[in-house]
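Written out below as structure tokens is the structure these notes cover.
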Amino acid sequence: MKPPVKNQRLMQGNRACVEGAMAAGCRFFAGYPITPSTEMAEILAAELPKLSGKFIQMEDEIASLAAVIGSSVAGVKSMTATSGPGFSLMQEHIGYAYMAEVPCVIVDVQRGGPSTGLPTKVAQADTMQVRWGTHGDYYAIAVAPSSVLECYEFTLRAFNLSEKYRTPVIVLMDEVVGHMRERVILPDPDQMTIIDRMKPTVPPEWYQHFEINPHFVSPMASFGEGYRYNITGLTHDPFGFPTEKPEEIKQKMDKLKNKITHNLDDIIQVRAEFMEDANIAIFAYGIVARAAREAVRMARERRIKVGLIQPLTIWPFPDQYMEHIQEQLDLIIVAELNQGQLIGEVMRVNRGKTRVSSLTRYDSELITPDQVFEKIREEK
Amino acid sequence: MERIKKTRAGQERYEVRLSGSGGQGMVFAGMILAEAVGVEDGKYVCQTQSYGPEARGGTSRSDLVISSQEIFYPKPQELDLLLAMTQESCDIYFPALRENGTLIVDSGLVTQLPDRKVYGFTFTRIAREQLGTPMVANIVALGTISALTKIVSRQGLLEVLKRRAPRGTEERNLQAIEIGYELVRKKKAKVVKSDTGVG
């Protein structure tokens, strides 16, 4: 028998997600348990008190995100976890967190929808809701793990991005990723980068909670630290007070946009496999990318030049990468567990240059490697 | 590992389904097997389970994919090993077993067998008679799986059960593994006898 490797464990995706959150410094969870995310609430109810953190079960998902936003404003890294129906209820407060620039992490473990749909079955039908679920103009960041280890790493990264850019970040999982167990070797805590929100260095009387600066991200004082400021969902000036002045409105809206769009290289991550000489690409995220990775290897065994493009951050969409790579492609197959959502984004960037074909499944089962492979053979 | 197949993607892959009815401990057995294979034996493993209304009462199952390489697709596509602890689960899942796959059944509960090679052991009766409870029939079956297929080490199963078995039942669970091994030894002896015309 081989000697056991340090930190080698059998772990469920939902547990890996909250372990990553705790490693990132999350010390507050408010939620309303819902399948298939329930284990997260269950585990954090037991684990957070041991870290002097707080777990609270709220009356619904609306209140849950309100509590998370409040806790974050008080200076504690905070999260909630839910699934489609709860994610819909949270939209109002997700918008509030964008507007008030409150860092927080929201996990959506996708299940079949619409409405209560299929509580225990896999889907990727919240893909566009994550981008456009709440009203108004805003720039979403969403990471999408496809393995148990990625649940850990990406949740940790979600906290880092959220703290760095003072914005809510969504971890977009699905029933299979959340419930499957895999052997994982967790990274050494000393090797991990943990980012904390920038704190003000100015005296309290000079402090502007929404300061306009060249980085577009304002330092953030916590409530109770001696800095006075106002927070509102109304469009506001740098002090946080409502404004109706067009130049201040534009400044605020540009700030929300620029803090994301000026940092795309830092935020966007794409996994590209066998793309060097590929003239066909499978575009798939999350659990579907697992089937695609196998299908790409099946095709390569038969000398078909196929590669995989897996967006690890699905929002912001990797426009620049796609614009560059599509020059070499004759065909892009977009595989997803819905009736065709992400394909719209691929076609938007593609502007008709490359043939784009859709492989969808929405009968509660996974797209299999064989299905992807057959699609490649049909279309090539 | 025995009879490891290569997938069409050139990957090594061994697929297992443990099936029975809710309450027979198939999900627990799947977790024990996965942890033994992954953490103790150091292989890649991915475990998924059927999760729906049928998890209460009706059929219950736990699926594993085992490999010495990174596993891409996490669910079984063509089973290499099927454990069926009830007639219903045998009927439902048998078609998912590949042609030369291994079928192990609780022969006290699965009486109508498919026309092919089957390993039958009365796991539930043996657990009740030798360990005083049918509840460890799942663990006896794990011992048998280990002995028959070498897909998991005996030591690995024992180590995991030492830490995962409900408190107070560790000894009984460890014995269950040994009994599972013993069954295979006896069964093999019988086969040899009949082959030489003695039995």
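Convention: chains lettered A, B, ... in structure tokens order; per-chain residue numbering from 1; ligands numbered from 1 as shown.
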With only C-alpha atoms as the counted atoms, please give the residues lying no more than 9 Å from Ile141 of chain A, apart from itself and same-chain residues fewer than 5 positions off, as a VMD selection string. chain A and resid 130 to 131 158 161 to 162 167 to 171 260 267 to 268 313 to 316
Which polymer residues have any atom within 6 Å of an atom of segment 323-340 of chain A, counting only C-alpha atoms, with same-chain residues fewer than 4 positions away left out, as a list of chain:residue names?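 The residues that qualify are A:Ala123, A:Gln124, A:Ala125, A:Asn279, A:Ile280, A:Ala281, A:Ile282, A:Phe283, A:Ala284, A:Thr354, A:Arg355, A:Val356, A:Ser357, A:Ser358, A:Leu359, A:Thr360, A:Arg361, A:Tyr362.
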Residue subset to file, keeping C-alpha atoms, as a PDB file, in the first residue's frame:
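Okay, this is what ended up in selection_14.pdb:
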ATOM      1  CA  ALA A 123     -29.283  21.285 -15.424  1.00  0.00           C
ATOM      2  CA  GLN A 124     -27.401  24.366 -16.621  1.00  0.00           C
ATOM      3  CA  ALA A 125     -30.447  26.461 -17.292  1.00  0.00           C
ATOM      4  CA  ASN A 279     -10.149  23.265 -36.465  1.00  0.00           C
ATOM      5  CA  ILE A 280     -13.169  22.139 -34.438  1.00  0.00           C
ATOM      6  CA  ALA A 281     -13.830  23.257 -30.864  1.00  0.00           C
ATOM      7  CA  ILE A 282     -16.252  22.007 -28.239  1.00  0.00           C
ATOM      8  CA  PHE A 283     -17.378  24.882 -26.060  1.00  0.00           C
ATOM      9  CA  ALA A 284     -18.690  23.605 -22.711  1.00  0.00           C
ATOM     10  CA  THR A 354     -17.525  30.276 -38.045  1.00  0.00           C
ATOM     11  CA  ARG A 355     -20.191  27.601 -38.209  1.00  0.00           C
ATOM     12  CA  VAL A 356     -21.713  27.244 -34.722  1.00  0.00           C
ATOM     13  CA  SER A 357     -23.676  24.130 -33.825  1.00  0.00           C
ATOM     14  CA  SER A 358     -25.735  23.396 -30.746  1.00  0.00           C
ATOM     15  CA  LEU A 359     -25.761  20.219 -28.634  1.00  0.00           C
ATOM     16  CA  THR A 360     -28.340  20.491 -25.899  1.00  0.00           C
ATOM     17  CA  ARG A 361     -29.946  18.183 -23.390  1.00  0.00           C
ATOM     18  CA  TYR A 362     -32.675  19.109 -20.918  1.00  0.00           C
TER      19      TYR A 362
END
Given only C-alpha atoms, how would the per-residue table for segment 127-169 of chain B near segment 104-117 of chain B read, listing every residue at most 10 Å away with its closest atom pair and distance in Å to one decimal, sorted by chain and number, as CSV?
residue,atom,partner,partner_atom,distance
B:Ala137,CA,B:Asp106,CA,9.0
B:Asn138,CA,B:Asp106,CA,9.8
B:Ala141,CA,B:Asp106,CA,8.5
B:Thr144,CA,B:Ile104,CA,8.9
B:Ile145,CA,B:Ile104,CA,8.1
B:Leu148,CA,B:Ile104,CA,9.7
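Atom CA of Cys151 of chain A sits 28.0 Å away from atom CA of His135 of chain A.
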Selection: 12 Å around segment 119-127 of chain B, only C-alpha atoms, excl. self and same-chain fewer than 6 positions, as a PyMOL selection string: chain B and resi 20+24-25+81-86+90+101-113+133-145+148-149+172-173+175-184+186-188+191
Mind writing the picked residues with N, CA and C atoms as a compact mmCIF listing (two decimals), in the first residue's frame?
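Result file follows (selection_18.txt):
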# COMPACT_ATOMS: atom_id res chain seq x y z
N GLY B 20 -29.47 -1.89 -4.68
CA GLY B 20 -30.34 -2.65 -3.79
C GLY B 20 -31.57 -1.81 -3.52
N GLN B 24 -30.60 -0.71 2.52
CA GLN B 24 -29.59 -1.78 2.46
C GLN B 24 -28.16 -1.23 2.51
N GLY B 25 -28.04 0.06 2.62
CA GLY B 25 -26.71 0.64 2.81
C GLY B 25 -25.86 0.71 1.56
N LEU B 81 -18.75 -3.92 -13.15
CA LEU B 81 -19.15 -4.70 -11.97
C LEU B 81 -20.51 -4.21 -11.50
N LEU B 82 -21.43 -5.16 -11.32
CA LEU B 82 -22.74 -4.81 -10.75
C LEU B 82 -22.98 -5.68 -9.54
N LEU B 83 -23.26 -5.03 -8.41
CA LEU B 83 -23.72 -5.75 -7.22
C LEU B 83 -25.22 -5.50 -7.12
N ALA B 84 -26.00 -6.59 -7.10
CA ALA B 84 -27.46 -6.44 -6.97
C ALA B 84 -27.91 -7.15 -5.70
N MET B 85 -28.48 -6.38 -4.78
CA MET B 85 -28.90 -6.95 -3.50
C MET B 85 -30.40 -7.24 -3.47
N THR B 86 -31.12 -6.90 -4.55
CA THR B 86 -32.54 -7.25 -4.65
C THR B 86 -32.84 -7.69 -6.09
N CYS B 90 -31.48 -5.99 -9.69
CA CYS B 90 -30.82 -6.84 -10.69
C CYS B 90 -31.52 -6.69 -12.04
N GLY B 101 -18.77 -8.34 -18.02
CA GLY B 101 -18.72 -7.71 -16.71
C GLY B 101 -19.03 -8.70 -15.60
N THR B 102 -18.68 -8.30 -14.37
CA THR B 102 -18.89 -9.19 -13.22
C THR B 102 -20.23 -8.88 -12.57
N LEU B 103 -21.06 -9.91 -12.40
CA LEU B 103 -22.34 -9.75 -11.72
C LEU B 103 -22.30 -10.50 -10.40
N ILE B 104 -22.51 -9.77 -9.31
CA ILE B 104 -22.54 -10.38 -7.98
C ILE B 104 -23.93 -10.11 -7.40
N VAL B 105 -24.59 -11.15 -6.91
CA VAL B 105 -25.93 -10.93 -6.36
C VAL B 105 -26.03 -11.55 -4.97
N ASP B 106 -27.01 -11.06 -4.21
CA ASP B 106 -27.40 -11.72 -2.97
C ASP B 106 -28.34 -12.84 -3.39
N SER B 107 -27.82 -14.07 -3.41
CA SER B 107 -28.60 -15.16 -3.99
C SER B 107 -29.77 -15.59 -3.10
N GLY B 108 -29.83 -15.06 -1.87
CA GLY B 108 -31.00 -15.32 -1.05
C GLY B 108 -32.17 -14.43 -1.47
N LEU B 109 -31.87 -13.31 -2.12
CA LEU B 109 -32.92 -12.34 -2.47
C LEU B 109 -33.12 -12.23 -3.98
N VAL B 110 -32.07 -12.56 -4.73
CA VAL B 110 -32.20 -12.53 -6.19
C VAL B 110 -32.28 -13.98 -6.65
N THR B 111 -33.46 -14.39 -7.05
CA THR B 111 -33.66 -15.80 -7.37
C THR B 111 -33.76 -16.04 -8.87
N GLN B 112 -34.28 -15.04 -9.58
CA GLN B 112 -34.35 -15.18 -11.04
C GLN B 112 -33.11 -14.54 -11.64
N LEU B 113 -32.19 -15.39 -12.10
CA LEU B 113 -30.90 -14.88 -12.55
C LEU B 113 -30.83 -14.81 -14.06
N THR B 133 -26.77 -9.47 12.55
CA THR B 133 -27.62 -8.43 11.97
C THR B 133 -27.49 -8.42 10.44
N PRO B 134 -28.62 -8.26 9.75
CA PRO B 134 -28.54 -8.17 8.29
C PRO B 134 -27.95 -6.84 7.84
N MET B 135 -27.77 -5.91 8.80
CA MET B 135 -27.33 -4.55 8.43
C MET B 135 -25.94 -4.49 7.82
N VAL B 136 -25.10 -5.50 8.11
CA VAL B 136 -23.73 -5.44 7.57
C VAL B 136 -23.59 -6.29 6.30
N ALA B 137 -24.72 -6.70 5.73
CA ALA B 137 -24.65 -7.47 4.48
C ALA B 137 -23.91 -6.69 3.40
N ASN B 138 -24.10 -5.35 3.39
CA ASN B 138 -23.41 -4.51 2.41
C ASN B 138 -21.89 -4.60 2.56
N ILE B 139 -21.43 -4.69 3.79
CA ILE B 139 -19.99 -4.71 4.05
C ILE B 139 -19.42 -6.10 3.72
N VAL B 140 -20.20 -7.15 4.01
CA VAL B 140 -19.79 -8.49 3.59
C VAL B 140 -19.59 -8.49 2.06
N ALA B 141 -20.53 -7.85 1.37
CA ALA B 141 -20.45 -7.79 -0.10
C ALA B 141 -19.19 -7.05 -0.54
N LEU B 142 -18.81 -5.99 0.19
CA LEU B 142 -17.58 -5.26 -0.17
C LEU B 142 -16.36 -6.16 -0.04
N GLY B 143 -16.34 -6.99 1.03
CA GLY B 143 -15.24 -7.94 1.21
C GLY B 143 -15.16 -8.89 0.02
N THR B 144 -16.33 -9.36 -0.40
CA THR B 144 -16.39 -10.28 -1.54
C THR B 144 -15.91 -9.60 -2.82
N ILE B 145 -16.33 -8.35 -3.02
CA ILE B 145 -15.91 -7.59 -4.21
C ILE B 145 -14.40 -7.46 -4.23
N LEU B 148 -12.82 -10.89 -5.03
CA LEU B 148 -13.07 -11.36 -6.39
C LEU B 148 -12.37 -10.53 -7.45
N THR B 149 -12.38 -9.22 -7.29
CA THR B 149 -11.96 -8.34 -8.38
C THR B 149 -10.63 -7.63 -8.13
N ARG B 172 -17.62 -5.40 14.23
CA ARG B 172 -18.56 -6.17 13.40
C ARG B 172 -18.32 -5.90 11.91
N ASN B 173 -18.04 -4.64 11.59
CA ASN B 173 -17.80 -4.29 10.19
C ASN B 173 -16.48 -4.89 9.67
N GLN B 175 -15.12 -7.62 10.79
CA GLN B 175 -15.38 -9.06 10.63
C GLN B 175 -16.14 -9.32 9.33
N ALA B 176 -17.04 -8.38 9.00
CA ALA B 176 -17.85 -8.55 7.78
C ALA B 176 -16.95 -8.63 6.55
N ILE B 177 -15.90 -7.80 6.51
CA ILE B 177 -14.96 -7.85 5.38
C ILE B 177 -14.30 -9.23 5.31
N GLU B 178 -13.86 -9.73 6.48
CA GLU B 178 -13.18 -11.03 6.52
C GLU B 178 -14.12 -12.13 6.04
N ILE B 179 -15.38 -12.05 6.47
CA ILE B 179 -16.36 -13.07 6.05
C ILE B 179 -16.56 -13.01 4.54
N GLY B 180 -16.61 -11.78 4.02
CA GLY B 180 -16.74 -11.62 2.57
C GLY B 180 -15.60 -12.28 1.82
N TYR B 181 -14.39 -12.13 2.34
CA TYR B 181 -13.22 -12.78 1.74
C TYR B 181 -13.33 -14.29 1.81
N GLU B 182 -13.76 -14.76 2.98
CA GLU B 182 -13.88 -16.20 3.24
C GLU B 182 -14.85 -16.85 2.24
N LEU B 183 -15.93 -16.12 1.94
CA LEU B 183 -16.94 -16.64 1.01
C LEU B 183 -16.31 -16.97 -0.35
N VAL B 184 -15.44 -16.08 -0.80
CA VAL B 184 -14.83 -16.28 -2.11
C VAL B 184 -13.90 -17.49 -2.08
N LYS B 186 -14.11 -20.14 -0.15
CA LYS B 186 -14.93 -21.36 -0.12
C LYS B 186 -15.54 -21.64 -1.49
N LYS B 187 -16.09 -20.59 -2.07
CA LYS B 187 -16.78 -20.73 -3.35
C LYS B 187 -15.82 -21.28 -4.40
N LYS B 188 -14.60 -20.72 -4.38
CA LYS B 188 -13.60 -21.16 -5.36
C LYS B 188 -13.29 -22.63 -5.17
N VAL B 191 -15.89 -24.71 -6.76
CA VAL B 191 -15.81 -24.73 -8.23
C VAL B 191 -14.74 -25.73 -8.68
With only C-alpha atoms counted and 6 Å as the cut-off, give the residues of chain A in contact with chain B, each with its shortest interatomic distance in Å and the pair that gives it, as JSON lines.
{"residue": "A:Arg9", "atom": "CA", "partner": "B:Val39", "partner_atom": "CA", "distance": 5.8}
{"residue": "A:Leu10", "atom": "CA", "partner": "B:Glu35", "partner_atom": "CA", "distance": 5.5}
{"residue": "A:Thr120", "atom": "CA", "partner": "B:Gly52", "partner_atom": "CA", "distance": 5.7}
{"residue": "A:Met180", "atom": "CA", "partner": "B:Thr48", "partner_atom": "CA", "distance": 4.7}
{"residue": "A:Arg181", "atom": "CA", "partner": "B:Gln47", "partner_atom": "CA", "distance": 5.0}
{"residue": "A:Glu182", "atom": "CA", "partner": "B:Cys46", "partner_atom": "CA", "distance": 4.5}
{"residue": "A:Arg183", "atom": "CA", "partner": "B:Gly38", "partner_atom": "CA", "distance": 5.3}
{"residue": "A:Arg290", "atom": "CA", "partner": "B:Phe72", "partner_atom": "CA", "distance": 4.8}
{"residue": "A:Ala291", "atom": "CA", "partner": "B:Tyr73", "partner_atom": "CA", "distance": 4.9}
{"residue": "A:Glu294", "atom": "CA", "partner": "B:Phe72", "partner_atom": "CA", "distance": 5.8}
{"residue": "A:Arg297", "atom": "CA", "partner": "B:Ala9", "partner_atom": "CA", "distance": 4.9}
{"residue": "A:Met298", "atom": "CA", "partner": "B:Ala9", "partner_atom": "CA", "distance": 3.9}
DSSP strand (DSSP E or B) residues within segment 140-310 of chain A, listed as a PyMOL selection string: chain A and resi 141-143+168-174+181-185+236+242+270-273+280-283+306-310
Next, dump the selected residues to file, keeping only C-alpha atoms, as an mmCIF file, in the first residue's frame.
data_model
loop_
_atom_site.group_PDB
_atom_site.id
_atom_site.type_symbol
_atom_site.label_atom_id
_atom_site.label_comp_id
_atom_site.auth_asym_id
_atom_site.auth_seq_id
_atom_site.Cartn_x
_atom_site.Cartn_y
_atom_site.Cartn_z
ATOM 1 C CA ILE A 141 -18.545 37.664 -12.289
ATOM 2 C CA ALA A 142 -19.342 33.957 -12.174
ATOM 3 C CA VAL A 143 -16.983 30.999 -11.793
ATOM 4 C CA PRO A 168 -20.916 39.928 -5.567
ATOM 5 C CA VAL A 169 -19.435 36.838 -7.208
ATOM 6 C CA ILE A 170 -21.480 33.808 -8.177
ATOM 7 C CA VAL A 171 -20.242 30.234 -7.987
ATOM 8 C CA LEU A 172 -22.274 28.420 -10.630
ATOM 9 C CA MET A 173 -22.422 24.707 -9.867
ATOM 10 C CA ASP A 174 -24.906 21.969 -10.737
ATOM 11 C CA ARG A 181 -17.531 12.600 -4.447
ATOM 12 C CA GLU A 182 -13.978 12.525 -5.723
ATOM 13 C CA ARG A 183 -10.568 11.844 -4.335
ATOM 14 C CA VAL A 184 -8.976 15.260 -3.894
ATOM 15 C CA ILE A 185 -5.644 16.528 -2.684
ATOM 16 C CA HIS A 236 -25.500 57.652 -5.365
ATOM 17 C CA PRO A 242 -28.694 59.578 -3.661
ATOM 18 C CA VAL A 270 -10.300 29.542 -19.872
ATOM 19 C CA ARG A 271 -9.162 25.923 -20.042
ATOM 20 C CA ALA A 272 -8.037 25.138 -23.585
ATOM 21 C CA GLU A 273 -7.127 21.537 -24.436
ATOM 22 C CA ILE A 280 -13.169 22.139 -34.438
ATOM 23 C CA ALA A 281 -13.830 23.257 -30.864
ATOM 24 C CA ILE A 282 -16.252 22.007 -28.239
ATOM 25 C CA PHE A 283 -17.378 24.882 -26.060
ATOM 26 C CA VAL A 306 -10.888 18.721 -32.088
ATOM 27 C CA GLY A 307 -10.127 20.819 -29.047
ATOM 28 C CA LEU A 308 -11.933 21.897 -25.906
ATOM 29 C CA ILE A 309 -12.712 25.423 -24.770
ATOM 30 C CA GLN A 310 -13.940 25.402 -21.178
#
Give the helix (DSSP H, G or I) residues of segment 75-181 of chain B, as DSSP finds them on the backbone, and put them as a ChimeraX atom specification. /B:87-96,123-131,134-149,154-164,170-181
For C-alpha atoms, I'd like the residues from the last selection saved as a PDB file, in the first residue's frame.
ATOM      1  CA  GLN B  87     -34.360  -8.844  -7.559  1.00  0.00           C
ATOM      2  CA  GLU B  88     -35.655  -5.460  -8.686  1.00  0.00           C
ATOM      3  CA  SER B  89     -32.228  -3.830  -8.804  1.00  0.00           C
ATOM      4  CA  CYS B  90     -30.824  -6.843 -10.687  1.00  0.00           C
ATOM      5  CA  ASP B  91     -33.625  -6.601 -13.262  1.00  0.00           C
ATOM      6  CA  ILE B  92     -33.262  -2.836 -13.720  1.00  0.00           C
ATOM      7  CA  TYR B  93     -29.477  -2.521 -13.855  1.00  0.00           C
ATOM      8  CA  PHE B  94     -28.378  -5.791 -15.451  1.00  0.00           C
ATOM      9  CA  PRO B  95     -28.703  -4.376 -18.999  1.00  0.00           C
ATOM     10  CA  ALA B  96     -26.147  -1.695 -18.063  1.00  0.00           C
ATOM     11  CA  PHE B 123     -24.892 -11.933   1.974  1.00  0.00           C
ATOM     12  CA  THR B 124     -27.950 -11.013   4.012  1.00  0.00           C
ATOM     13  CA  ARG B 125     -28.470 -14.464   5.534  1.00  0.00           C
ATOM     14  CA  ILE B 126     -24.758 -14.818   6.316  1.00  0.00           C
ATOM     15  CA  ALA B 127     -24.647 -11.376   7.951  1.00  0.00           C
ATOM     16  CA  ARG B 128     -27.660 -12.281  10.094  1.00  0.00           C
ATOM     17  CA  GLU B 129     -26.359 -15.710  11.063  1.00  0.00           C
ATOM     18  CA  GLN B 130     -22.685 -14.927  11.612  1.00  0.00           C
ATOM     19  CA  LEU B 131     -22.770 -11.302  12.760  1.00  0.00           C
ATOM     20  CA  PRO B 134     -28.542  -8.175   8.288  1.00  0.00           C
ATOM     21  CA  MET B 135     -27.334  -4.547   8.428  1.00  0.00           C
ATOM     22  CA  VAL B 136     -23.734  -5.442   7.567  1.00  0.00           C
ATOM     23  CA  ALA B 137     -24.654  -7.474   4.479  1.00  0.00           C
ATOM     24  CA  ASN B 138     -23.408  -4.507   2.409  1.00  0.00           C
ATOM     25  CA  ILE B 139     -19.986  -4.712   4.048  1.00  0.00           C
ATOM     26  CA  VAL B 140     -19.787  -8.494   3.588  1.00  0.00           C
ATOM     27  CA  ALA B 141     -20.447  -7.791  -0.100  1.00  0.00           C
ATOM     28  CA  LEU B 142     -17.583  -5.259  -0.167  1.00  0.00           C
ATOM     29  CA  GLY B 143     -15.244  -7.935   1.209  1.00  0.00           C
ATOM     30  CA  THR B 144     -16.386 -10.279  -1.540  1.00  0.00           C
ATOM     31  CA  ILE B 145     -15.910  -7.595  -4.215  1.00  0.00           C
ATOM     32  CA  SER B 146     -12.380  -6.986  -2.974  1.00  0.00           C
ATOM     33  CA  ALA B 147     -11.543 -10.702  -2.973  1.00  0.00           C
ATOM     34  CA  LEU B 148     -13.068 -11.363  -6.391  1.00  0.00           C
ATOM     35  CA  THR B 149     -11.957  -8.343  -8.378  1.00  0.00           C
ATOM     36  CA  ARG B 154      -8.580  -5.476   1.756  1.00  0.00           C
ATOM     37  CA  GLN B 155      -6.341  -3.306   3.906  1.00  0.00           C
ATOM     38  CA  GLY B 156      -7.867  -0.176   2.394  1.00  0.00           C
ATOM     39  CA  LEU B 157     -11.397  -1.291   3.255  1.00  0.00           C
ATOM     40  CA  LEU B 158     -10.373  -2.181   6.801  1.00  0.00           C
ATOM     41  CA  GLU B 159      -8.658   1.177   7.356  1.00  0.00           C
ATOM     42  CA  VAL B 160     -11.661   3.148   6.121  1.00  0.00           C
ATOM     43  CA  LEU B 161     -14.132   1.095   8.166  1.00  0.00           C
ATOM     44  CA  LYS B 162     -12.050   1.667  11.300  1.00  0.00           C
ATOM     45  CA  ARG B 163     -12.748   5.395  10.996  1.00  0.00           C
ATOM     46  CA  ARG B 164     -16.124   5.478   9.212  1.00  0.00           C
ATOM     47  CA  GLU B 170     -16.305  -1.200  14.044  1.00  0.00           C
ATOM     48  CA  GLU B 171     -15.455  -4.750  15.074  1.00  0.00           C
ATOM     49  CA  ARG B 172     -18.557  -6.168  13.402  1.00  0.00           C
ATOM     50  CA  ASN B 173     -17.796  -4.291  10.190  1.00  0.00           C
ATOM     51  CA  LEU B 174     -14.184  -5.465  10.115  1.00  0.00           C
ATOM     52  CA  GLN B 175     -15.384  -9.056  10.629  1.00  0.00           C
ATOM     53  CA  ALA B 176     -17.851  -8.553   7.783  1.00  0.00           C
ATOM     54  CA  ILE B 177     -14.961  -7.849   5.384  1.00  0.00           C
ATOM     55  CA  GLU B 178     -13.183 -11.026   6.518  1.00  0.00           C
ATOM     56  CA  ILE B 179     -16.356 -13.070   6.049  1.00  0.00           C
ATOM     57  CA  GLY B 180     -16.745 -11.616   2.567  1.00  0.00           C
ATOM     58  CA  TYR B 181     -13.223 -12.776   1.738  1.00  0.00           C
TER      59      TYR B 181
END
Please tabulate, as a tab-separated table, the residues of segment 249-361 of chain A that come within 10 Å of segment 146-150 of chain A, each with its closest pair of atoms and the distance in Å to one decimal, counting only C-alpha atoms and ordering rows by chain, then residue number upward.
residue	atom	partner	partner_atom	distance
A:Tyr285	CA	A:Ser146	CA	7.4
A:Gly286	CA	A:Ser146	CA	4.2
A:Ile287	CA	A:Ser146	CA	4.9
A:Val288	CA	A:Ser146	CA	7.9
A:Ala289	CA	A:Ser146	CA	7.1
A:Arg290	CA	A:Ser146	CA	6.9
A:Gln310	CA	A:Ser146	CA	9.6
A:Leu312	CA	A:Ser146	CA	8.5
Name the residues in contact with Met220 of chain A at a cut-off of 8 Å, using only C-alpha atoms, excluding same-chain residues fewer than 5 positions from it; report them as a short mmCIF file (atom, residue, chain, number, x, y, z; two decimals) with C-alpha atoms, in the first residue's frame.
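The resulting file, around39.cif, is shown below:
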data_model
loop_
_atom_site.label_atom_id
_atom_site.label_comp_id
_atom_site.auth_asym_id
_atom_site.auth_seq_id
_atom_site.Cartn_x
_atom_site.Cartn_y
_atom_site.Cartn_z
CA ARG A 197 -10.79 44.05 0.75
CA MET A 198 -8.78 47.25 0.65
CA LYS A 199 -9.23 49.40 3.75
CA PRO A 200 -9.18 53.21 3.78
CA HIS A 209 -17.25 55.02 0.62
#
Could you tell me which of A:Pro33, A:Gly352, A:Gly136, A:Pro203 comes closest to Leu234 of chain A if we count only C-alpha atoms? A:Gly136
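A straight line drawn from atom CA of Gly113 of chain A to atom CA of Val176 of chain A is 15.3 Å long.
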